[in-house]
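Shown next: work-v1.txt, containing compact mmCIF, C-alpha atoms and all ligand atoms.
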```
# COMPACT_ATOMS: atom_id res chain seq x y z
CA MET A 8 117.77 72.97 134.22
CA ILE A 9 116.78 76.40 132.94
CA GLU A 10 113.11 75.46 133.48
CA GLU A 11 113.88 74.60 137.09
CA THR A 12 115.52 78.02 137.52
CA LEU A 13 112.49 79.79 136.03
CA ASP A 14 110.06 77.75 138.14
CA ARG A 15 112.02 78.64 141.27
CA LEU A 16 112.63 82.33 140.59
CA MET A 17 109.72 83.65 138.50
CA ARG A 18 106.87 84.31 140.86
CA ASP A 19 103.16 84.43 140.12
CA VAL A 20 101.37 87.49 141.48
CA PRO A 21 97.60 87.03 141.10
CA ASP A 22 95.39 90.02 140.24
CA PHE A 23 98.25 92.39 139.34
CA PRO A 24 98.05 94.96 137.83
CA LYS A 25 94.32 94.28 137.72
CA PRO A 26 91.89 91.49 138.66
CA GLY A 27 92.18 88.33 136.56
CA ILE A 28 95.81 88.87 135.48
CA VAL A 29 98.46 86.53 136.90
CA PHE A 30 101.58 88.69 136.73
CA LYS A 31 104.92 86.89 136.16
CA ASP A 32 107.36 88.69 138.45
CA ILE A 33 110.99 88.41 137.35
CA THR A 34 112.53 90.40 140.21
CA PRO A 35 113.69 87.31 142.20
CA LEU A 36 115.38 85.99 139.05
CA LEU A 37 117.17 89.29 138.40
CA ALA A 38 118.44 89.34 141.99
CA ASP A 39 120.09 85.90 141.69
CA ALA A 40 123.56 86.17 140.11
CA SER A 41 123.85 82.62 138.78
CA ALA A 42 120.26 82.53 137.52
CA LEU A 43 120.76 85.82 135.72
CA ARG A 44 123.84 84.49 133.94
CA GLU A 45 122.10 81.17 133.14
CA VAL A 46 119.10 82.97 131.65
CA ALA A 47 121.27 85.30 129.55
CA GLN A 48 123.23 82.36 128.13
CA ALA A 49 120.10 80.28 127.48
CA MET A 50 118.31 83.16 125.73
CA ALA A 51 121.38 83.91 123.59
CA ALA A 52 122.10 80.27 122.62
CA PRO A 53 119.56 79.87 119.78
CA TRP A 54 120.85 83.01 118.03
CA ARG A 55 124.54 82.23 117.91
CA ASP A 56 125.85 81.83 114.34
CA ARG A 57 122.61 83.16 112.86
CA GLY A 58 124.01 86.44 111.59
CA VAL A 59 122.33 88.61 114.21
CA THR A 60 123.64 92.19 114.08
CA HIS A 61 121.62 93.65 116.98
CA VAL A 62 119.24 92.79 119.77
CA VAL A 63 116.08 94.90 119.98
CA GLY A 64 115.05 95.38 123.62
CA VAL A 65 111.44 96.28 124.40
CA GLU A 66 110.76 98.73 127.25
CA SER A 67 111.14 98.05 130.00
CA ARG A 68 111.86 94.49 131.07
CA GLY A 69 113.10 93.70 127.58
CA PHE A 70 115.91 96.19 128.21
CA LEU A 71 117.21 94.04 131.05
CA PHE A 72 117.28 90.74 129.19
CA GLY A 73 118.00 92.37 125.84
CA THR A 74 121.19 93.93 127.20
CA ALA A 75 122.30 90.64 128.70
CA VAL A 76 121.62 88.74 125.46
CA ALA A 77 123.37 91.40 123.35
CA MET A 78 126.47 91.15 125.53
CA GLU A 79 126.41 87.34 125.28
CA LEU A 80 126.14 87.54 121.48
CA GLY A 81 128.70 90.34 121.18
CA VAL A 82 126.26 92.62 119.33
CA GLY A 83 124.70 96.02 120.04
CA LEU A 84 121.32 96.90 121.51
CA ILE A 85 118.50 98.89 119.86
CA LEU A 86 115.75 100.35 122.04
CA VAL A 87 112.01 100.19 121.43
CA ARG A 88 110.38 102.63 123.85
CA LYS A 89 107.04 103.98 125.02
CA PRO A 90 105.92 107.24 123.32
CA GLY A 91 107.89 110.41 123.89
CA LYS A 92 110.98 108.79 125.40
CA LEU A 93 113.29 108.64 122.38
CA PRO A 94 114.82 112.03 121.58
CA CYS A 95 115.31 111.78 117.78
CA PRO A 96 112.76 111.24 114.95
CA THR A 97 110.87 107.95 115.39
CA TYR A 98 108.62 105.43 113.68
CA SER A 99 105.64 104.33 115.78
CA ALA A 100 103.23 101.39 115.99
CA ASP A 101 100.09 100.97 118.11
CA TYR A 102 99.39 97.74 119.96
CA THR A 103 97.02 96.06 122.42
CA LEU A 104 98.31 94.69 125.71
CA GLU A 105 96.87 91.91 127.85
CA TYR A 106 95.95 94.86 130.09
CA GLY A 107 95.50 98.05 128.03
CA THR A 108 96.64 99.68 124.80
CA ASP A 109 99.73 101.68 124.00
CA ARG A 110 102.18 102.75 121.31
CA LEU A 111 105.83 101.88 120.77
CA GLU A 112 108.56 103.86 119.02
CA ILE A 113 111.98 103.26 117.49
CA HIS A 114 114.51 105.78 116.21
CA GLN A 115 114.28 106.19 112.44
CA ASP A 116 118.04 105.76 112.11
CA ALA A 117 118.29 102.69 114.37
CA LEU A 118 118.10 100.15 111.54
CA ASP A 119 119.25 99.83 107.95
CA SER A 120 119.05 97.15 105.27
CA GLY A 121 122.03 95.34 106.81
CA SER A 122 120.34 94.98 110.19
CA ASN A 123 119.26 91.46 111.20
CA VAL A 124 117.72 91.68 114.63
CA VAL A 125 116.38 89.47 117.38
CA VAL A 126 113.64 90.99 119.53
CA VAL A 127 113.93 90.22 123.25
CA ASP A 128 111.29 90.60 125.95
CA ASP A 129 110.45 88.81 129.18
CA VAL A 130 106.93 87.51 128.48
CA LEU A 131 105.01 86.77 125.27
CA ALA A 132 101.36 87.14 126.26
CA THR A 133 98.81 88.19 123.61
CA GLY A 134 101.57 89.04 121.13
CA GLY A 135 100.40 92.62 120.67
CA THR A 136 103.67 94.11 121.85
CA ALA A 137 105.93 91.81 119.84
CA GLY A 138 103.74 92.23 116.76
CA ALA A 139 104.11 96.02 117.02
CA VAL A 140 107.88 95.65 117.32
CA ALA A 141 107.90 93.57 114.13
CA GLU A 142 106.03 96.43 112.42
CA LEU A 143 108.64 98.93 113.64
CA ILE A 144 111.46 96.77 112.29
CA ALA A 145 109.73 96.59 108.92
CA GLN A 146 109.21 100.39 108.94
CA GLY A 147 112.90 100.84 109.74
CA GLY A 148 113.94 98.62 106.84
CA GLY A 149 115.63 95.93 108.95
CA GLN A 150 115.43 92.13 108.78
CA LEU A 151 113.76 90.21 111.60
CA ALA A 152 115.78 87.17 112.68
CA GLY A 153 113.15 86.29 115.29
CA PHE A 154 111.94 86.67 118.86
CA GLY A 155 113.34 85.51 122.19
CA PHE A 156 111.30 85.33 125.40
CA LEU A 157 111.84 84.03 128.87
CA LEU A 158 108.29 82.82 129.11
CA GLU A 159 105.49 82.34 126.61
CA LEU A 160 101.88 82.19 127.76
CA GLY A 161 100.96 79.69 125.06
CA PHE A 162 97.27 79.65 125.98
CA LEU A 163 97.03 83.27 124.78
CA ALA A 164 98.26 82.25 121.30
CA GLY A 165 100.53 85.30 120.99
CA ARG A 166 102.59 83.57 118.29
CA GLU A 167 99.69 83.98 115.90
CA LYS A 168 100.14 87.78 116.02
CA LEU A 169 103.79 87.51 114.94
CA PRO A 170 104.88 87.54 111.30
CA SER A 171 104.42 84.07 109.83
CA GLY A 172 107.66 82.17 109.59
CA ALA A 173 109.43 84.25 112.27
CA ALA A 174 111.52 82.13 114.64
CA VAL A 175 110.23 82.23 118.22
CA GLU A 176 112.51 80.94 120.99
CA SER A 177 110.93 80.84 124.46
CA LEU A 178 112.79 79.35 127.41
CA LYS A 179 109.51 78.11 128.79
CA ILE A 180 105.99 77.78 127.35
CA LEU A 181 102.95 77.60 129.64
P1 LIG B 1 101.51 91.13 125.09
O1 LIG B 1 101.59 92.36 124.25
O2 LIG B 1 100.11 90.82 125.55
O3 LIG B 1 102.19 89.93 124.46
O4 LIG B 1 102.26 91.47 126.44
C1 LIG B 1 103.62 91.42 126.50
C2 LIG B 1 104.19 92.52 127.36
O5 LIG B 1 103.42 92.76 128.53
C3 LIG B 1 105.57 92.14 127.82
O6 LIG B 1 106.38 93.30 127.72
C4 LIG B 1 105.40 91.69 129.24
O7 LIG B 1 106.40 92.23 130.01
C5 LIG B 1 104.06 92.23 129.68
N1 LIG B 1 103.15 91.20 130.20
C6 LIG B 1 101.99 90.79 129.65
N2 LIG B 1 101.38 89.89 130.40
C7 LIG B 1 102.17 89.69 131.45
C8 LIG B 1 102.09 88.84 132.60
N3 LIG B 1 101.06 88.01 132.79
N4 LIG B 1 103.10 88.89 133.49
C9 LIG B 1 104.15 89.73 133.29
N5 LIG B 1 104.27 90.53 132.25
C10 LIG B 1 103.30 90.53 131.33
```

Rewrite the coordinates I just gave you, this time as structure tokens.
Amino acid sequence: MIEETLDRLMRDVPDFPKPGIVFKDITPLLADASALREVAQAMAAPWRDRGVTHVVGVESRGFLFGTAVAMELGVGLILVRKPGKLPCPTYSADYTLEYGTDRLEIHQDALDSGSNVVVVDDVLATGGTAGAVAELIAQGGGQLAGFGFLLELGFLAGREKLPSGAAVESLKIL
């Protein structure tokens, strides 16, 4: 059911943003009201009754699904952003993308020892991004409940870059 929705509304764009990358475009899915609700509910489902205090949304597509999942779970949202976007003191972690390198930041006061967070993003590719977010959560002193993705590119073995034992819930694995 949810797989059928993803197959219908996530579109492959070959050679974007550079040759050899097949980009998974979520814009048709976002534009479809019932699919958007279905995805939010399906991404939230594994985390109900698991003591999650916040969702961590990863810039920028993780903000979209992270907000939806947080509202489904009835918890707040914490932002992980690209460098220089967050206005207060931050922790930072460097990472490697499927197409480039970058750095991510989180506010130093975003987490405390009572935080138990689920990290939400659209696609798990090489795992560099999600691994960096796990580092930020550790720096901030929070607990990592796990990761939630719409789609996991399993052939890139991104899970291996995530902390061992972390729960990973992907709606679809390629
Ligand atoms: P990675 O760090 O390699 O796991 O890449 C994950 C991040 O890059 C996510 O925030 C995705 O939005 C984006 N990303 C990586 N590969 C793709 C892809 N093939 N299609 C769409 N987004 C991607």

Please, what is the axis-aligned box for every listed atom of region 95-111 of chain A with 3 Å on each side, as centre and edge lengths in Å to one decimal, as AutoDock Vina command-line options?
```
--center_x 105.4 --center_y 101.8 --center_z 121.9 --size_x 25.8 --size_y 25.9 --size_z 22.4
```

Counting only C-alpha atoms, which residues in region 34-129 of chain A sit no more than 12 Å from region 162-179 of chain A? For each one, give the nearest pair of atoms and the distance in Å, sorted by chain then residue number, as CSV.
```
residue,atom,partner,partner_atom,distance
A:Glu45,CA,A:Leu178,CA,11.1
A:Val46,CA,A:Leu178,CA,8.4
A:Ala47,CA,A:Leu178,CA,10.6
A:Gln48,CA,A:Leu178,CA,10.9
A:Ala49,CA,A:Leu178,CA,7.4
A:Met50,CA,A:Leu178,CA,6.9
A:Ala51,CA,A:Glu176,CA,9.7
A:Ala52,CA,A:Glu176,CA,9.8
A:Pro53,CA,A:Glu176,CA,7.2
A:Trp54,CA,A:Glu176,CA,9.1
A:Arg57,CA,A:Ala174,CA,11.3
A:Tyr102,CA,A:Lys168,CA,10.7
A:Thr103,CA,A:Lys168,CA,10.9
A:Leu104,CA,A:Gly165,CA,10.7
A:Glu105,CA,A:Leu163,CA,9.2
A:Val124,CA,A:Ala173,CA,11.4
A:Val125,CA,A:Ala174,CA,9.2
A:Val126,CA,A:Val175,CA,9.5
A:Val127,CA,A:Glu176,CA,9.7
A:Asp128,CA,A:Ser177,CA,9.9
A:Asp129,CA,A:Ser177,CA,9.3
```

> Do you know which residues are within 10 Å of ligand LIG 1 (chain B) using only C-alpha atoms and all ligand atoms? Can you write them as a ChimeraX atom specification?
Replying inline: /A:17-24,27-33,64-70,102-109,127-140,156-160,163-166,168-169

> Which polymer residues have any atom within 7 Å of an atom of Lys89 (chain A), counting only C-alpha atoms, with same-chain residues fewer than 2 positions away left out, as JSON, numbers by chain?
Replying inline: {"A": [66, 91, 92, 110, 111, 112]}

I need the chosen residues saved as a tab-separated table (two decimals), in the coordinates of the input, with C-alpha atoms.
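Printed below is again.tsv as written:
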```tsv
chain	number	residue	atom	x	y	z
A	66	GLU	CA	110.76	98.73	127.25
A	91	GLY	CA	107.89	110.41	123.89
A	92	LYS	CA	110.98	108.79	125.40
A	110	ARG	CA	102.18	102.75	121.31
A	111	LEU	CA	105.83	101.88	120.77
A	112	GLU	CA	108.56	103.86	119.02
```

> Please, what distance in Å, to one decimal, runs between CA of Leu80 (chain A) and CA of Arg55 (chain A)?
Replying inline: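 Between CA of Leu80 (chain A) and CA of Arg55 (chain A) the gap is 6.6 Å.
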
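CA of Ser120 (chain A) is positioned 17.9 Å from CA of Val87 (chain A).
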
> In terms of the shortest atom-to-atom distance over all atoms listed in the file, which of A:Leu71, A:Ile113, A:Val82, A:Val63 is closest to Leu36 (chain A)?
Replying inline: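 Ranking A:Leu71, A:Ile113, A:Val82, A:Val63 by distance to Leu36 (chain A), first place goes to A:Leu71.
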
> Between CA of Gly161 (chain A) and CA of Asp39 (chain A), what is the spacing in Å?
Replying inline: 26.1 Å

> Excluding same-chain residues fewer than 3 positions from Leu84 (chain A), what lies within 8 Å of it counting all atoms listed in the file, as JSON, numbers by chain?
Replying inline: {"A": [61, 62, 63, 64, 73, 74, 77]}

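Non-sequential neighbours of region 148-150 of chain A (distance at most 10 Å, separation of 3 or more positions within a chain, all atoms listed in the file) are Val59, Thr60, Gln115, Asp116, Ala117, Leu118, Asp119, Ser120, Gly121, Ser122, Asn123, Val124, Val125, Ala141, Glu142, Leu143, Ile144, Ala145 and Gly153 of chain A.
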
Reconstruct region 112-146 of chain A at the level of N, CA and C atoms, and format the result as a CSV table (one decimal), in the frame of the given file.
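Just written: selection20.csv:
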```
chain,number,residue,atom,x,y,z
A,112,GLU,N,107.8,103.1,120.0
A,112,GLU,CA,108.6,103.9,119.0
A,112,GLU,C,110.0,103.3,118.9
A,113,ILE,N,110.6,103.6,117.7
A,113,ILE,CA,112.0,103.3,117.5
A,113,ILE,C,112.6,104.4,116.7
A,114,HIS,N,113.8,104.7,117.0
A,114,HIS,CA,114.5,105.8,116.2
A,114,HIS,C,114.5,105.4,114.7
A,115,GLN,N,114.3,106.4,113.9
A,115,GLN,CA,114.3,106.2,112.4
A,115,GLN,C,115.6,105.7,111.9
A,116,ASP,N,116.7,106.1,112.6
A,116,ASP,CA,118.0,105.8,112.1
A,116,ASP,C,118.6,104.5,112.8
A,117,ALA,N,117.8,103.8,113.6
A,117,ALA,CA,118.3,102.7,114.4
A,117,ALA,C,118.7,101.5,113.5
A,118,LEU,N,117.9,101.3,112.4
A,118,LEU,CA,118.1,100.2,111.5
A,118,LEU,C,118.5,100.6,110.1
A,119,ASP,N,119.1,99.7,109.4
A,119,ASP,CA,119.2,99.8,108.0
A,119,ASP,C,119.1,98.5,107.3
A,120,SER,N,119.3,98.4,106.0
A,120,SER,CA,119.0,97.2,105.3
A,120,SER,C,120.0,96.0,105.7
A,121,GLY,N,121.1,96.4,106.3
A,121,GLY,CA,122.0,95.3,106.8
A,121,GLY,C,121.7,94.8,108.2
A,122,SER,N,120.7,95.4,108.8
A,122,SER,CA,120.3,95.0,110.2
A,122,SER,C,119.6,93.7,110.2
A,123,ASN,N,120.0,92.7,111.0
A,123,ASN,CA,119.3,91.5,111.2
A,123,ASN,C,119.1,91.3,112.7
A,124,VAL,N,117.9,91.5,113.2
A,124,VAL,CA,117.7,91.7,114.6
A,124,VAL,C,116.9,90.6,115.3
A,125,VAL,N,117.2,90.3,116.6
A,125,VAL,CA,116.4,89.5,117.4
A,125,VAL,C,115.7,90.3,118.5
A,126,VAL,N,114.4,90.2,118.6
A,126,VAL,CA,113.6,91.0,119.5
A,126,VAL,C,113.6,90.2,120.8
A,127,VAL,N,113.9,90.9,121.9
A,127,VAL,CA,113.9,90.2,123.2
A,127,VAL,C,113.0,90.9,124.2
A,128,ASP,N,112.1,90.1,124.9
A,128,ASP,CA,111.3,90.6,126.0
A,128,ASP,C,111.1,89.5,127.0
A,129,ASP,N,110.6,89.8,128.1
A,129,ASP,CA,110.4,88.8,129.2
A,129,ASP,C,109.3,87.8,128.9
A,130,VAL,N,108.1,88.4,128.6
A,130,VAL,CA,106.9,87.5,128.5
A,130,VAL,C,106.2,87.8,127.1
A,131,LEU,N,105.9,86.7,126.4
A,131,LEU,CA,105.0,86.8,125.3
A,131,LEU,C,103.6,86.4,125.8
A,132,ALA,N,102.7,87.4,125.8
A,132,ALA,CA,101.4,87.1,126.3
A,132,ALA,C,100.4,87.1,125.0
A,133,THR,N,99.7,88.2,124.8
A,133,THR,CA,98.8,88.2,123.6
A,133,THR,C,99.5,88.4,122.3
A,134,GLY,N,100.8,88.8,122.4
A,134,GLY,CA,101.6,89.0,121.1
A,134,GLY,C,101.4,90.4,120.6
A,135,GLY,N,100.6,91.3,121.2
A,135,GLY,CA,100.4,92.6,120.7
A,135,GLY,C,101.7,93.4,120.6
A,136,THR,N,102.4,93.4,121.7
A,136,THR,CA,103.7,94.1,121.8
A,136,THR,C,104.7,93.7,120.8
A,137,ALA,N,104.9,92.3,120.8
A,137,ALA,CA,105.9,91.8,119.8
A,137,ALA,C,105.5,92.0,118.4
A,138,GLY,N,104.2,92.0,118.1
A,138,GLY,CA,103.7,92.2,116.8
A,138,GLY,C,104.0,93.7,116.4
A,139,ALA,N,103.8,94.6,117.3
A,139,ALA,CA,104.1,96.0,117.0
A,139,ALA,C,105.6,96.2,116.8
A,140,VAL,N,106.4,95.5,117.5
A,140,VAL,CA,107.9,95.6,117.3
A,140,VAL,C,108.3,95.2,115.9
A,141,ALA,N,107.6,94.1,115.5
A,141,ALA,CA,107.9,93.6,114.1
A,141,ALA,C,107.5,94.6,113.1
A,142,GLU,N,106.4,95.3,113.3
A,142,GLU,CA,106.0,96.4,112.4
A,142,GLU,C,107.1,97.5,112.4
A,143,LEU,N,107.6,97.9,113.6
A,143,LEU,CA,108.6,98.9,113.6
A,143,LEU,C,109.9,98.5,112.9
A,144,ILE,N,110.3,97.2,113.0
A,144,ILE,CA,111.5,96.8,112.3
A,144,ILE,C,111.2,96.8,110.8
A,145,ALA,N,110.0,96.5,110.4
A,145,ALA,CA,109.7,96.6,108.9
A,145,ALA,C,109.8,98.1,108.5
A,146,GLN,N,109.2,99.0,109.3
A,146,GLN,CA,109.2,100.4,108.9
A,146,GLN,C,110.6,100.9,108.8
```
